[in-house]
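Q: Pasting in a structure now, in structure tokens, and then I'll have a few things to ask.
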Amino acid sequence: MQVKDLNIPTIIKDRLISKGYEELWPPQEKAVKKGLLEGKSLLVVTPTASGKTLIALLATAKTVIESREKAIYITPLKALANEKYEEFKDFFEGVYLGKGKQLSVGISTGDDLNVDPSYLSRYDVIITTNERLDSIIRHKVKWLKEVGLFVFDEVHLLDDETRGGTLEFVLTEIMSWFSNTQVLALSATVKNYKEIASWLNMQVVYDDWRPVKLLEGVAYDDKLVYKSGEVDIIERKGTLLQDVVYKELKEGGQCLVFAETRKKALELAKTLAYVARRYSQVPIEQVYPEEEEDTTLTKTLRGLIPLGVAFHHAGLTASYRRFVENLFRENKIKVICSTPTLAAGVNLPARTVIINSVYRFNDEGREPIKVIEYKQMAGRAGRPKYDKIGKCIILAQDEYQVDVYLERYASGEPEPITSKLLLKGPSSMVLALISVFGYAAADEIKDFFKKTLYFKQKGNLELQVSEALEFLHNNGFVMHAKNGKYKTTPLGDMTAKVYISPHTALSFIKVAEELKKWKDPTLPILCLLSASEDMEPKLSSRKKDDIELTQFLNANFELEPFFDEDCSSRTFLALYGWVNEFSEQELLDRFGVEPGDLYRIIESARWIVYSYSKLARIIGISSEAFNLPFIRIYKGVREDVASIASLSGIGRKRARALFDAGYHNLLELSQAREEELASKVKSISSITAKKIIREAREKLGLQS
């Protein structure tokens with residue numbers, strides 16, 4: 001099917017052809033024939049890199065340009081949302097909708113969960129996450145009525161224990177309340193796609209076609225045995241991984257190596273440095289991301305990159321992860337050693353994917369990965385437009401494993417998707433429904449849950465819903481209205497809107513009066529945060545972390561009312577160190593907290609503390625009490641420099657430098673002279689000094 005023959009706006013046809021899209025790929029053609037451009041809702045199940053994004057772009061263009069309705073693209077991850085935002089923004093750049101109005105693309109992720117989403121009405125295309133869409137629905141914004149298309153990406157993550165529940169709940173909301181709106185669900189290959197399509201009431205577009213032929217094999221000793229039965233000989237000089245990587249790089253490819261853990265990813269990157277360096281194209285004078293603080297982690301990475309190899313995992317900051325990804329796309333880095341999270345994240349194909357081990361450690365010990373996880377990793381093999389073939393190679397430890405791995409993974413089918421809806425409990429979802437409905441009878445809520453995948457697969461949820469309603473009613477989140485239905489109380493409505501769980505809200509409410517006794521309530525709040533089920537990531541604690549926290553609590557017995565047995569020792573210690581100005585290197589050395597994890601903890605903490613301040617107003621406590629802990633957590637400073645750190649553009653190092661230079665508060669800063677301030681603090685220019693003084697004066701109300 002030719003692009004020029006599609007029933008889409010001419011400007012989009014021309015744009016696609018100019019970008020090299022003249023003929024649709026088989027999955028795209030199937031989608032069009034199934035009614036993609038006539039507003040039909042479709043479940044598209046095809047391998048990674050088989051053109052699902054273009055399917056979404058075609059439907060988006062049709063919806064926004066011709067129907068003058070909005071389109072929302074929903075992803076499970078912020079990194080993926082950022083990638084899609086850049087992709088859609090670039091594609092629709094310069095497209096006008098008439099009367100000089102340019103088609104606009106906006107993004108809203110977890111960074112603004114607490115921001116009223118009404119402002120998003122200005123955009124025609126909105127890229128967001130599952131959680132943010134859930135929050136948008138809870139705010140009951142009027143512009144949702146203008147949406148003509150919802151696109152859900154990575155729908156196979158319904159099976160994910162962390163994200164699956166929210167995705168299922170949001171999909172159920174959309175299918176229930178927007179039944180006349182087009183919905184696209186995009187998924188990698190799953191076994192029970194017919195069951196998922198039946199649940200979603202969608203037609204299926206299924207195709208196992210991929211643009212680059214995939215060769216799957218297992219390497220052991222000096223042989224690489226493919227699924228087809230063909231055998232390649234591996235020249236042995238070093239470790240099996242080194243020799244496989246050398247073979248692939250020698251043939252002009254790039255390699256993605258999936259390691260079992262972050263530590264292993266770093267170790268493997270080091271062992272591959274001498275193999276990759278002869279193929280490195282990274283300039284010696286490379287400009288690296290600017291970070292306020294440096295650690296041995298980033299120093300190690302910077303040492304490896306000029307050698308053509310890097311590691312990539314969630315312990316790195318977002319800026320360094322993007323930096324590595326971009327160098328790989330530019331073919332400057334030849335090898336990335338990553339944890340499997342990269343397979344479910346950004347689009348980063350390589351000619352060859354190497355799986356170092358199919359085993360992972362969890363709470364129950366060592367077990368093999370699922371086939372669906374293998375398929376996700378294998379899906380990264382082969383770069384469309386660059387490679388004729390892609391390879392996925394599993395490394396085996398003994399000869400017996402070769403046939404086992406070929407049968408289980410290369411020839412195996414992914415496991416069926418099963419509902420993960422109730423892993424976090426239904427109380428938050430039940431509260432959200434009552435908040436959105438305004439008034440809701442128990443039977444109405446139960447009827448909603450009958451539309452879930454959980455109900456289809458596992459049966460009735462009446463008992464769980466009844467227990468959730470009882471919990472919410474007994475703890476003041478909902479009340480009985482005169483019409484016999486449930487209604488949210490102001491507390492319940494606010495809890496739903498700030499998007500925290502009722503359990504997190506309740507743990508705060510129980511100690512709110514005690515918090516009033518603290519001049520600086522930062523420490524007790526850290527206790528609450530470290531136990532909250534909304535804290536992400538909640539770091540698993542080591543024995544020495546538990547001992548250190550116990551010693552700390554024994555010395556600070558006044559914190560006992562705020563301490564909960566669910567408190568993560570390592571999360572608390574990380575936050576405690578952060579607000580007491582421990583360097584990122586100290587946090588890494590003492591508590592094993594890597595920068596990427598630290599920033600996600602801080603982000604979660606900011607959101608929850610903001611939520612506390614909103615709930616405080618409901619129960620008659622001043623929200624101003626949370627200003628100090630919010631700044632300390634946000635900027636990572638002690639109490640004495642918090643007021644200085646509250647200024648925009650002032651980080652923890654600059655705040656301390658200003659304090660040490662004699663500027664102890666906003667008043668002293670407001671009275672400073674620009675030249676003097678700039679001369680006393682080396683990191684501050686005269687222009688920055690002027691901004692600091694002006695903002696200090698504005699905060700004190702000394703000038704408009």
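Residue numbers start at 1 in each chain; chains themselves are named A, B, ... in the order of the structure tokens; ligands are numbered from 1 in the order shown.
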Hey, what's within 9 Å of A:Glu462 if we count only C-alpha atoms and toss same-chain stuff fewer than 6 positions away? As a JSON list (two decimals) with C-alpha atoms, in the first residue's frame, please?

A:
```
[["chain", "number", "residue", "atom", "x", "y", "z"],
["A", 443, "ASP", "CA", -23.05, -1.76, 42.96],
["A", 446, "LYS", "CA", -18.54, -3.30, 41.55],
["A", 449, "PHE", "CA", -14.52, -3.68, 38.29]]
```

Q: Given only C-alpha atoms, how would the per-residue table for stretch 378-486 of chain A near stretch 148-156 of chain A read, listing every residue at most 12 Å away with its closest atom pair and distance in Å to one decimal, sorted by chain and number, as CSV?

A:
```
residue,atom,partner,partner_atom,distance
A:Pro414,CA,A:His156,CA,10.6
A:Glu415,CA,A:His156,CA,10.5
A:Pro416,CA,A:His156,CA,9.4
A:Ile417,CA,A:His156,CA,6.9
A:Thr418,CA,A:His156,CA,9.7
A:Ser419,CA,A:His156,CA,10.7
A:Lys420,CA,A:His156,CA,11.7
```

Q: Just to confirm, what's the straight-line distance from atom CA of A:Leu54 to atom CA of A:Lys145 in Å (one decimal)?

A: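 Separating atom CA of A:Leu54 from atom CA of A:Lys145 is a distance of 25.0 Å.
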
Q: Using only C-alpha atoms, which of the listed residues (A:Phe169, A:Thr571, A:Arg277, A:Arg638) sits closest to A:Gly425?

A: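 Among the listed residues, A:Phe169 lies closest to A:Gly425.
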
Q: Within 12 Å of A:Asp90, counting only C-alpha atoms, which residues qualify if same-chain residues fewer than 5 places away don't, as a list of chain:residue names?

A: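 Counting only C-alpha atoms, the residues come to A:Arg15, A:Lys19, A:Leu57, A:Glu83, A:Lys84, A:Tyr85, A:Val95, A:Leu103, A:Ser104, A:Val105, A:Gly106.
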
Q: Between A:His139, A:Arg673, A:Arg132, A:Arg236, which has the minimum distance to A:Ser435 (counting only C-alpha atoms)?

A: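 Closest candidate: A:His139.
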
Q: Quick one: residues within 6 Å of stretch 371-385 of chain A, only C-alpha atoms, excluding same-chain residues fewer than 3 positions away - as a list in words?

A: Thr48, Val212, Ala343, Pro349, Ala350, Arg351, Thr352, Val353, Ile389, Gly390, Lys391, Cys392, Tyr409 and Pro414 of chain A

Q: With DSSP run on the backbone, what are the strand (DSSP E) residues within stretch 304-526 of chain A? I'd like them as a ChimeraX atom specification.

A: /A:309-312,335-338,352-355,359-362,365-368,389-395,478-480,486-488

Q: Please measure the separation of atom CA of A:Leu666 and atom CA of A:Glu292, giving the value in Å to one decimal.

A: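 Between these atoms lies a distance of 22.6 Å.
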
Q: According to DSSP computed on the backbone, where in stretch 381-535 of chain A is there helix (DSSP H, G or I)? Give the residues as a count of residues only.

A: 83

Q: Can you tell me how far atom CA of A:Pro629 sits from atom CA of A:Val609, in Å to one decimal?

A: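 Rounded to one decimal, the two atoms are 8.0 Å apart.
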
Q: Using only C-alpha atoms, pick whichever of A:Ser568, A:Thr489, A:Ser176, A:Ser319 has the shortest atom-to-atom distance to A:Ile619.

A: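 So, comparing all the options, the nearest one is A:Thr489.
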
Q: Contacts of A:Glu69 at 8 Å or less, counting only C-alpha atoms, minus same-chain residues fewer than 5 places along, as a PyMOL selection string?

A: chain A and resi 63-64+124+146-149

Q: Calculated over only C-alpha atoms, which of the candidates A:Val125, A:Gln2, A:Leu80, A:Pro47 has the smallest distance to A:Arg68?

A: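 Counting only C-alpha atoms, the residue closest to A:Arg68 is A:Val125.
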
Q: Of the residues A:Ala657, A:Ala642, A:Ile621, A:Leu200, which is the one nearest to A:Lys456, using only C-alpha atoms?

A: A:Leu200
